[in-house]
Amino acid sequence: MYRTLTALSFAGLVLGQQVGTQTAEKHPALPIQVCTGPGACKNEETTAVLDSNWRWTHVTSGYTNCYDGNKWNATACPDGKTCASNCAIDGADYAKTYGITTPSSGALKLQFVTKNDNGQNVGSRVYLMASDDKYRMFNLLNKEFTFDVDVSKLPCGLNGAVYFSEMDEDGGLSKYPGNKAGAKYGTGYCDSQCPTDIKFINGEANVNWKGSADDPNSGSGAFGTCCAEMDIWEANLDAAAFTPHPCKVTEQTRCEGKDCGNGDDRYSGLCDKDGCDFNSFRMGNQDFYGTAKMVDTSKPFTLVTQFLTADGTDTGALKQINRFYVQGGKVIPNSAVAIEGIDPVNHISDDFCKQQKSVFKDNNYFASVGGMAGMGKSLEKMVLVLSVWDDHAVSMNWLDSHFPTDATATSPGVARGRCDPAAGEPKTVEAAHPDAYVIYSNIKLGAINSTFAATS
């Protein structure tokens with residue numbers, strides 16, 4: 001996964017950590033179910049909150065932007081602490097500004113491009129809330145996580161992502177004096193890429209900033225924000241992957257320099273940026289996932305991910321990650337590996353990761369930072385993330401095309417999907433597919449084999 005921030009593309013969107021009063025914050029309802037056995041599920045009245053990076057932020061004394069285009073306001077933001085004190089983050093109009101709607105109870109629709117009064121919004125990222133000011137925390141060990149997804153309108157180059165990040169329950173509100181907004185306003189993001197394009201980290205502005213050469217609204221600062229990440233689902237209608245990404249740290253951690261793992265430091269940073277992925281196409285079955293394939297992406301389906309522990313308890317060491325699909329009333333096991341030198345399994349384990357990295361000639365940094373056991377420690381306290389985005393770094397080629405793009409496509413591990421490498425260029429996909437969207441629904445957490453069943 002090579003996630004980069006996809007943000008609003010109009011000038012009114014800037015970031016901060018105080019609380020503004022221009023727009024009231026109202027979280028869209030997104031109820032989930034928690035199951036103890038088949039048919040034994042209870043509703044939780046959870047909601048969704050928009051990430052703070054997408055929000056309008058202005059000086060506390062008025063409407064002047066704290067960040068304009070891809071540059072900081074030097075007057076309001078001479079340094080990180082002063083900027084956090086001077087800038088207020090406001091509530092969001094989820095539907096009108098960001099294209100985030102709830103088409104039915106328990107369903108969330110994320111529009112890729114949304115025209116609005118100020119221009120347009122591109123992509124979004126939301127988190128599941130347990131209350132008005134706390135994220136819903138998940139322990140995934142010895143559990144399964146299930147949801148329905150419709151990717152039929154999500155073409156090559158886009159990514160409808162569902163994943164867990166080891167964020168603080170209150171978004172860093174209690175830890176960092178400069179953060180007055182907290183989880184209610186979607187603060188405290190982190191992931192295994194240790195992103196440096198987050199404008200406020202640990203209650204301070206990331207003001208040592210360089211604007212992006214190809215994105216007029218983004219850039220990168222001296223700091224990144226790292227934590228373990230479990231990618232349940234990164235996908236479009238042509239390709240899909242699930243990937244654990246452990247880290248050396250077990251909580252949200254601000255990084256600088258080598259620890260962020262950028263460039264030549266990729267395999268010496270705090271987190272495993274590559275992860276250990278299972279992409280059916282990459283693992284040798286090119287007819288399993290896609291339009292009119294075994295899992296037919298022209299129609300909605302259910303996705304089940306199980307986290308098995310060595311001793312079968314909620315505190316045991318993570319041993320194996322299983323994947324199932326349910327479509328048309330039928331349970332479809334994940335495809336088995338069909339690559340010489342890798343056992344024909346259909347799950348993720350330390351043995352699978354070791355063999356895959358060896359055959360694909362990839363660095364097994366996954367093992368170096370803790371492997372499955374390390375990932376399991378982080379799975380005890382995770383926040384659910386749902387998003388849709390395009391990729392300014394490598395055009396989503398790592399997911400749905402061949403990557404690295406200069407490698408021979410027939411070499412083991414290079415081909416990840418059928419998409420043209422150019423299809424995911426942001427300018428191309430934003431112009432060609434502004435009406436793209438993804439719908440997530442019927443989210444469930446439960447005991448193993450409690451959240452799904454065959455009906456035919």
# chains A, B, ... in the order shown; residues from 1 in each chain; ligands from 1

call {"tool": "residues_around", "arguments": {"residues": "Val388 in chain A", "least_positions_apart": "2", "cutoff": "8 Å", "atoms": "only C-alpha atoms", "output": "PDB file with N, CA, C and O atoms, in the first residue's frame"}}
result
ATOM      1  N   LEU A 110     -19.538   6.837  -0.297  1.00  0.00           N
ATOM      2  CA  LEU A 110     -18.480   7.818  -0.469  1.00  0.00           C
ATOM      3  C   LEU A 110     -18.326   8.136  -1.949  1.00  0.00           C
ATOM      4  O   LEU A 110     -17.910   7.288  -2.736  1.00  0.00           O
ATOM      5  N   GLN A 111     -18.697   9.350  -2.320  1.00  0.00           N
ATOM      6  CA  GLN A 111     -18.562   9.821  -3.706  1.00  0.00           C
ATOM      7  C   GLN A 111     -17.115  10.202  -3.953  1.00  0.00           C
ATOM      8  O   GLN A 111     -16.465  10.817  -3.110  1.00  0.00           O
ATOM      9  N   PHE A 112     -16.594   9.879  -5.135  1.00  0.00           N
ATOM     10  CA  PHE A 112     -15.191  10.195  -5.439  1.00  0.00           C
ATOM     11  C   PHE A 112     -14.989  11.693  -5.645  1.00  0.00           C
ATOM     12  O   PHE A 112     -14.146  12.316  -4.991  1.00  0.00           O
ATOM     13  N   GLY A 123     -12.272  12.596  -3.041  1.00  0.00           N
ATOM     14  CA  GLY A 123     -12.017  11.568  -2.050  1.00  0.00           C
ATOM     15  C   GLY A 123     -12.449  11.964  -0.645  1.00  0.00           C
ATOM     16  O   GLY A 123     -12.818  13.119  -0.375  1.00  0.00           O
ATOM     17  N   SER A 124     -12.414  10.996   0.259  1.00  0.00           N
ATOM     18  CA  SER A 124     -12.724  11.270   1.665  1.00  0.00           C
ATOM     19  C   SER A 124     -12.235  10.113   2.528  1.00  0.00           C
ATOM     20  O   SER A 124     -11.958   9.023   2.033  1.00  0.00           O
ATOM     21  N   ARG A 125     -12.158  10.405   3.836  1.00  0.00           N
ATOM     22  CA  ARG A 125     -11.757   9.387   4.801  1.00  0.00           C
ATOM     23  C   ARG A 125     -12.537   9.641   6.087  1.00  0.00           C
ATOM     24  O   ARG A 125     -12.546  10.774   6.602  1.00  0.00           O
ATOM     25  N   LEU A 158      -8.695   3.758  -8.740  1.00  0.00           N
ATOM     26  CA  LEU A 158      -9.306   4.195  -7.489  1.00  0.00           C
ATOM     27  C   LEU A 158      -9.182   3.099  -6.442  1.00  0.00           C
ATOM     28  O   LEU A 158      -8.988   1.933  -6.761  1.00  0.00           O
ATOM     29  N   ASN A 159      -9.352   3.495  -5.192  1.00  0.00           N
ATOM     30  CA  ASN A 159      -9.218   2.558  -4.090  1.00  0.00           C
ATOM     31  C   ASN A 159     -10.315   2.845  -3.064  1.00  0.00           C
ATOM     32  O   ASN A 159     -10.329   3.910  -2.442  1.00  0.00           O
ATOM     33  N   GLY A 160     -11.240   1.907  -2.923  1.00  0.00           N
ATOM     34  CA  GLY A 160     -12.189   1.950  -1.829  1.00  0.00           C
ATOM     35  C   GLY A 160     -11.601   1.148  -0.697  1.00  0.00           C
ATOM     36  O   GLY A 160     -11.564  -0.086  -0.769  1.00  0.00           O
ATOM     37  N   ALA A 161     -11.127   1.814   0.346  1.00  0.00           N
ATOM     38  CA  ALA A 161     -10.334   1.150   1.381  1.00  0.00           C
ATOM     39  C   ALA A 161     -11.082   1.081   2.706  1.00  0.00           C
ATOM     40  O   ALA A 161     -11.664   2.067   3.163  1.00  0.00           O
ATOM     41  N   LEU A 386     -12.769   4.129   6.840  1.00  0.00           N
ATOM     42  CA  LEU A 386     -13.403   3.859   5.544  1.00  0.00           C
ATOM     43  C   LEU A 386     -13.092   5.028   4.628  1.00  0.00           C
ATOM     44  O   LEU A 386     -13.242   6.199   5.025  1.00  0.00           O
ATOM     45  N   ASP A 390      -7.631   8.446  -4.719  1.00  0.00           N
ATOM     46  CA  ASP A 390      -6.732   8.171  -5.839  1.00  0.00           C
ATOM     47  C   ASP A 390      -5.307   8.449  -5.396  1.00  0.00           C
ATOM     48  O   ASP A 390      -5.075   8.945  -4.295  1.00  0.00           O
ATOM     49  N   TYR A 437     -18.052   5.932  -7.126  1.00  0.00           N
ATOM     50  CA  TYR A 437     -18.363   5.887  -5.705  1.00  0.00           C
ATOM     51  C   TYR A 437     -18.222   4.463  -5.193  1.00  0.00           C
ATOM     52  O   TYR A 437     -18.149   3.505  -5.955  1.00  0.00           O
ATOM     53  N   VAL A 438     -18.223   4.325  -3.865  1.00  0.00           N
ATOM     54  CA  VAL A 438     -18.234   3.026  -3.213  1.00  0.00           C
ATOM     55  C   VAL A 438     -19.279   3.073  -2.099  1.00  0.00           C
ATOM     56  O   VAL A 438     -19.505   4.135  -1.492  1.00  0.00           O
TER      57      VAL A 438
END

call {"tool": "residues_around", "arguments": {"residues": "range 234-237 of chain A", "least_positions_apart": "6", "cutoff": "9 Å", "atoms": "only C-alpha atoms", "output": "PyMOL selection string"}}
result
chain A and resi 1+150-163+243+289-291+296-298+399-400+438

call {"tool": "residues_around", "arguments": {"residues": "Arg266 in chain A", "least_positions_apart": "2", "cutoff": "12 Å", "atoms": "only C-alpha atoms", "output": "NGL selection string"}}
result
:A and (2 or 192-194 or 257-264 or 268-275 or 363-366)

call {"tool": "select_by_dssp", "arguments": {"residues": "range 49-273 of chain A", "states": "alpha helix (DSSP H)", "output": "PyMOL selection string"}}
result
chain A and resi 80-86+94-98

call {"tool": "write_last_selection", "arguments": {"atoms": "C-alpha atoms", "output": "compact mmCIF listing (two decimals), in the first residue's frame"}}
result
# COMPACT_ATOMS: atom_id res chain seq x y z
CA GLY A 80 3.77 24.60 14.74
CA LYS A 81 2.55 25.47 18.24
CA THR A 82 1.52 29.02 17.39
CA CYS A 83 -0.33 27.79 14.32
CA ALA A 84 -2.31 25.25 16.36
CA SER A 85 -3.26 28.02 18.77
CA ASN A 86 -4.28 30.46 16.02
CA TYR A 94 -21.03 15.83 4.84
CA ALA A 95 -23.38 15.45 1.88
CA LYS A 96 -23.15 18.82 0.14
CA THR A 97 -19.42 19.45 0.45
CA TYR A 98 -17.92 15.96 0.63

call {"tool": "residues_around", "arguments": {"residues": "Ala453 in chain A", "least_positions_apart": "6", "cutoff": "12 Å", "atoms": "only C-alpha atoms", "output": "list in words"}}
result
Gly37, Pro38, Gly39, Thr146, Thr302, Leu303, Val304, Phe324, Tyr325, Val326, Gln327, Gly328, Gly329, Lys330, Val331 and Ile332 of chain A

call {"tool": "write_last_selection", "arguments": {"atoms": "C-alpha atoms", "output": "PDB file, in the first residue's frame"}}
result
ATOM      1  CA  GLY A  37     -23.101 -16.479  17.542  1.00  0.00           C
ATOM      2  CA  PRO A  38     -25.058 -17.140  14.332  1.00  0.00           C
ATOM      3  CA  GLY A  39     -28.221 -15.053  14.476  1.00  0.00           C
ATOM      4  CA  THR A 146     -17.685  -8.548   8.042  1.00  0.00           C
ATOM      5  CA  THR A 302     -20.109  -9.670   1.555  1.00  0.00           C
ATOM      6  CA  LEU A 303     -16.528  -9.725   2.763  1.00  0.00           C
ATOM      7  CA  VAL A 304     -15.432 -11.742   5.821  1.00  0.00           C
ATOM      8  CA  PHE A 324     -14.183 -15.443   2.666  1.00  0.00           C
ATOM      9  CA  TYR A 325     -16.699 -13.856   0.328  1.00  0.00           C
ATOM     10  CA  VAL A 326     -20.467 -14.345   0.218  1.00  0.00           C
ATOM     11  CA  GLN A 327     -22.345 -13.577  -2.993  1.00  0.00           C
ATOM     12  CA  GLY A 328     -25.627 -14.832  -4.358  1.00  0.00           C
ATOM     13  CA  GLY A 329     -26.196 -16.785  -1.154  1.00  0.00           C
ATOM     14  CA  LYS A 330     -22.993 -18.788  -1.582  1.00  0.00           C
ATOM     15  CA  VAL A 331     -19.838 -18.712   0.542  1.00  0.00           C
ATOM     16  CA  ILE A 332     -16.737 -18.356  -1.641  1.00  0.00           C
TER      17      ILE A 332
END

call {"tool": "residues_around", "arguments": {"residues": "Asp93 in chain A", "least_positions_apart": "4", "cutoff": "9 Å", "atoms": "only C-alpha atoms", "output": "MDAnalysis selection string"}}
result
chainID A and resid 23:26 97:100

call {"tool": "write_last_selection", "arguments": {"atoms": "all heavy atoms", "output": "PDB file, in the first residue's frame"}}
result
ATOM      1  N   THR A  23     -19.745  26.132  11.318  1.00  0.00           N
ATOM      2  CA  THR A  23     -20.617  25.033  10.876  1.00  0.00           C
ATOM      3  C   THR A  23     -20.752  24.015  12.002  1.00  0.00           C
ATOM      4  O   THR A  23     -19.749  23.550  12.549  1.00  0.00           O
ATOM      5  CB  THR A  23     -20.039  24.337   9.627  1.00  0.00           C
ATOM      6  OG1 THR A  23     -19.849  25.287   8.593  1.00  0.00           O
ATOM      7  CG2 THR A  23     -20.979  23.228   9.138  1.00  0.00           C
ATOM      8  N   ALA A  24     -21.976  23.666  12.328  1.00  0.00           N
ATOM      9  CA  ALA A  24     -22.197  22.667  13.378  1.00  0.00           C
ATOM     10  C   ALA A  24     -21.774  21.289  12.886  1.00  0.00           C
ATOM     11  O   ALA A  24     -22.009  20.927  11.732  1.00  0.00           O
ATOM     12  CB  ALA A  24     -23.665  22.650  13.781  1.00  0.00           C
ATOM     13  N   GLU A  25     -21.138  20.532  13.751  1.00  0.00           N
ATOM     14  CA  GLU A  25     -20.688  19.183  13.404  1.00  0.00           C
ATOM     15  C   GLU A  25     -21.782  18.173  13.756  1.00  0.00           C
ATOM     16  O   GLU A  25     -22.182  18.053  14.922  1.00  0.00           O
ATOM     17  CB  GLU A  25     -19.398  18.837  14.142  1.00  0.00           C
ATOM     18  CG  GLU A  25     -18.890  17.424  13.919  1.00  0.00           C
ATOM     19  CD  GLU A  25     -18.434  17.136  12.494  1.00  0.00           C
ATOM     20  OE1 GLU A  25     -18.300  18.102  11.704  1.00  0.00           O
ATOM     21  OE2 GLU A  25     -18.201  15.958  12.178  1.00  0.00           O
ATOM     22  N   LYS A  26     -22.256  17.445  12.767  1.00  0.00           N
ATOM     23  CA  LYS A  26     -23.263  16.408  12.984  1.00  0.00           C
ATOM     24  C   LYS A  26     -22.793  15.138  12.293  1.00  0.00           C
ATOM     25  O   LYS A  26     -22.723  15.064  11.075  1.00  0.00           O
ATOM     26  CB  LYS A  26     -24.626  16.841  12.434  1.00  0.00           C
ATOM     27  CG  LYS A  26     -25.728  15.807  12.685  1.00  0.00           C
ATOM     28  CD  LYS A  26     -27.086  16.318  12.246  1.00  0.00           C
ATOM     29  CE  LYS A  26     -28.162  15.250  12.364  1.00  0.00           C
ATOM     30  NZ  LYS A  26     -28.255  14.696  13.735  1.00  0.00           N
ATOM     31  N   THR A  97     -20.818  19.105   0.723  1.00  0.00           N
ATOM     32  CA  THR A  97     -19.418  19.447   0.453  1.00  0.00           C
ATOM     33  C   THR A  97     -18.569  18.245   0.094  1.00  0.00           C
ATOM     34  O   THR A  97     -17.701  18.323  -0.780  1.00  0.00           O
ATOM     35  CB  THR A  97     -18.800  20.159   1.667  1.00  0.00           C
ATOM     36  OG1 THR A  97     -19.582  21.313   1.986  1.00  0.00           O
ATOM     37  CG2 THR A  97     -17.371  20.586   1.385  1.00  0.00           C
ATOM     38  N   TYR A  98     -18.829  17.104   0.745  1.00  0.00           N
ATOM     39  CA  TYR A  98     -17.917  15.965   0.627  1.00  0.00           C
ATOM     40  C   TYR A  98     -18.501  14.748  -0.071  1.00  0.00           C
ATOM     41  O   TYR A  98     -17.778  13.777  -0.312  1.00  0.00           O
ATOM     42  CB  TYR A  98     -17.433  15.556   2.024  1.00  0.00           C
ATOM     43  CG  TYR A  98     -16.743  16.677   2.749  1.00  0.00           C
ATOM     44  CD1 TYR A  98     -17.441  17.466   3.652  1.00  0.00           C
ATOM     45  CD2 TYR A  98     -15.409  16.968   2.502  1.00  0.00           C
ATOM     46  CE1 TYR A  98     -16.815  18.515   4.314  1.00  0.00           C
ATOM     47  CE2 TYR A  98     -14.773  18.015   3.157  1.00  0.00           C
ATOM     48  CZ  TYR A  98     -15.485  18.786   4.056  1.00  0.00           C
ATOM     49  OH  TYR A  98     -14.855  19.821   4.703  1.00  0.00           O
ATOM     50  N   GLY A  99     -19.788  14.750  -0.381  1.00  0.00           N
ATOM     51  CA  GLY A  99     -20.387  13.600  -1.053  1.00  0.00           C
ATOM     52  C   GLY A  99     -20.468  12.368  -0.185  1.00  0.00           C
ATOM     53  O   GLY A  99     -20.433  11.242  -0.683  1.00  0.00           O
ATOM     54  N   ILE A 100     -20.592  12.556   1.131  1.00  0.00           N
ATOM     55  CA  ILE A 100     -20.703  11.451   2.084  1.00  0.00           C
ATOM     56  C   ILE A 100     -22.157  11.346   2.510  1.00  0.00           C
ATOM     57  O   ILE A 100     -22.695  12.263   3.144  1.00  0.00           O
ATOM     58  CB  ILE A 100     -19.806  11.686   3.313  1.00  0.00           C
ATOM     59  CG1 ILE A 100     -18.332  11.795   2.883  1.00  0.00           C
ATOM     60  CG2 ILE A 100     -19.982  10.576   4.332  1.00  0.00           C
ATOM     61  CD1 ILE A 100     -17.404  12.238   3.996  1.00  0.00           C
TER      62      ILE A 100
END

call {"tool": "closest_residue", "arguments": {"among": "A:Lys175, A:Arg418, A:Lys143, A:Arg282", "to": "Thr305 in chain A", "atoms": "only C-alpha atoms"}}
result
A:Lys143

call {"tool": "decode", "arguments": {"residues": "range 204-240 of chain A", "atoms": "N, CA and C atoms", "output": "compact mmCIF listing (two decimals), in the first residue's frame"}}
result
# COMPACT_ATOMS: atom_id res chain seq x y z
N GLU A 204 0.27 19.94 16.88
CA GLU A 204 1.11 20.99 16.33
C GLU A 204 1.04 20.95 14.80
N ALA A 205 1.15 22.11 14.18
CA ALA A 205 1.14 22.18 12.72
C ALA A 205 2.46 21.68 12.15
N ASN A 206 2.37 21.00 11.03
CA ASN A 206 3.53 20.42 10.35
C ASN A 206 4.09 21.46 9.38
N VAL A 207 4.55 22.61 9.92
CA VAL A 207 4.78 23.80 9.10
C VAL A 207 6.07 23.80 8.30
N ASN A 208 7.02 22.94 8.64
CA ASN A 208 8.23 22.84 7.80
C ASN A 208 7.84 22.05 6.56
N TRP A 209 7.25 22.75 5.61
CA TRP A 209 6.39 22.16 4.59
C TRP A 209 6.90 22.45 3.19
N LYS A 210 6.73 21.47 2.31
CA LYS A 210 7.04 21.66 0.89
C LYS A 210 5.80 21.29 0.08
N GLY A 211 5.29 22.25 -0.69
CA GLY A 211 4.11 22.00 -1.50
C GLY A 211 4.39 20.98 -2.59
N SER A 212 3.37 20.19 -2.91
CA SER A 212 3.50 19.16 -3.93
C SER A 212 3.64 19.79 -5.32
N ALA A 213 4.47 19.18 -6.16
CA ALA A 213 4.66 19.68 -7.52
C ALA A 213 3.48 19.34 -8.42
N ASP A 214 2.72 18.28 -8.10
CA ASP A 214 1.63 17.87 -8.98
C ASP A 214 0.25 17.90 -8.31
N ASP A 215 0.19 18.37 -7.07
CA ASP A 215 -1.09 18.49 -6.38
C ASP A 215 -1.15 19.88 -5.76
N PRO A 216 -2.01 20.76 -6.27
CA PRO A 216 -2.03 22.15 -5.80
C PRO A 216 -2.55 22.32 -4.39
N ASN A 217 -3.03 21.25 -3.76
CA ASN A 217 -3.62 21.36 -2.43
C ASN A 217 -2.90 20.55 -1.38
N SER A 218 -1.79 19.91 -1.73
CA SER A 218 -1.13 19.03 -0.79
C SER A 218 0.37 19.28 -0.77
N GLY A 219 1.05 18.58 0.11
CA GLY A 219 2.49 18.70 0.23
C GLY A 219 2.96 17.76 1.31
N SER A 220 4.14 18.03 1.86
CA SER A 220 4.66 17.18 2.93
C SER A 220 5.48 18.01 3.89
N GLY A 221 5.46 17.60 5.15
CA GLY A 221 6.20 18.30 6.18
C GLY A 221 7.34 17.48 6.72
N ALA A 222 8.00 18.00 7.73
CA ALA A 222 9.15 17.31 8.32
C ALA A 222 8.73 16.13 9.17
N PHE A 223 7.47 16.13 9.63
CA PHE A 223 6.99 15.08 10.51
C PHE A 223 6.01 14.15 9.80
N GLY A 224 6.00 12.90 10.25
CA GLY A 224 4.99 11.95 9.81
C GLY A 224 4.28 11.40 11.03
N THR A 225 3.25 10.60 10.79
CA THR A 225 2.50 10.02 11.91
C THR A 225 2.30 8.53 11.67
N CYS A 226 2.91 7.71 12.53
CA CYS A 226 3.05 6.28 12.31
C CYS A 226 2.19 5.46 13.27
N CYS A 227 1.67 4.36 12.77
CA CYS A 227 1.08 3.34 13.63
C CYS A 227 0.78 2.11 12.79
N ALA A 228 0.58 1.00 13.48
CA ALA A 228 0.25 -0.25 12.78
C ALA A 228 -1.09 -0.11 12.07
N GLU A 229 -1.23 -0.87 11.00
CA GLU A 229 -2.41 -0.77 10.13
C GLU A 229 -2.77 -2.15 9.60
N MET A 230 -4.05 -2.48 9.67
CA MET A 230 -4.54 -3.72 9.08
C MET A 230 -5.49 -3.38 7.95
N ASP A 231 -5.00 -3.57 6.73
CA ASP A 231 -5.81 -3.30 5.55
C ASP A 231 -6.75 -4.48 5.30
N ILE A 232 -7.99 -4.31 5.69
CA ILE A 232 -9.01 -5.33 5.46
C ILE A 232 -9.34 -5.42 3.98
N TRP A 233 -9.37 -4.26 3.34
CA TRP A 233 -9.90 -4.20 1.97
C TRP A 233 -9.36 -2.97 1.26
N GLU A 234 -8.53 -3.19 0.26
CA GLU A 234 -8.12 -2.11 -0.65
C GLU A 234 -8.46 -2.61 -2.04
N ALA A 235 -9.39 -1.91 -2.72
CA ALA A 235 -9.96 -2.55 -3.91
C ALA A 235 -10.67 -1.56 -4.81
N ASN A 236 -10.83 -2.01 -6.06
CA ASN A 236 -11.76 -1.42 -7.01
C ASN A 236 -12.44 -2.58 -7.73
N LEU A 237 -13.07 -2.34 -8.85
CA LEU A 237 -13.79 -3.45 -9.49
C LEU A 237 -12.87 -4.44 -10.19
N ASP A 238 -11.57 -4.14 -10.26
CA ASP A 238 -10.65 -5.01 -10.99
C ASP A 238 -9.63 -5.74 -10.11
N ALA A 239 -9.34 -5.19 -8.93
CA ALA A 239 -8.28 -5.78 -8.10
C ALA A 239 -8.59 -5.55 -6.63
N ALA A 240 -8.06 -6.41 -5.78
CA ALA A 240 -8.28 -6.30 -4.34
C ALA A 240 -7.13 -6.92 -3.58
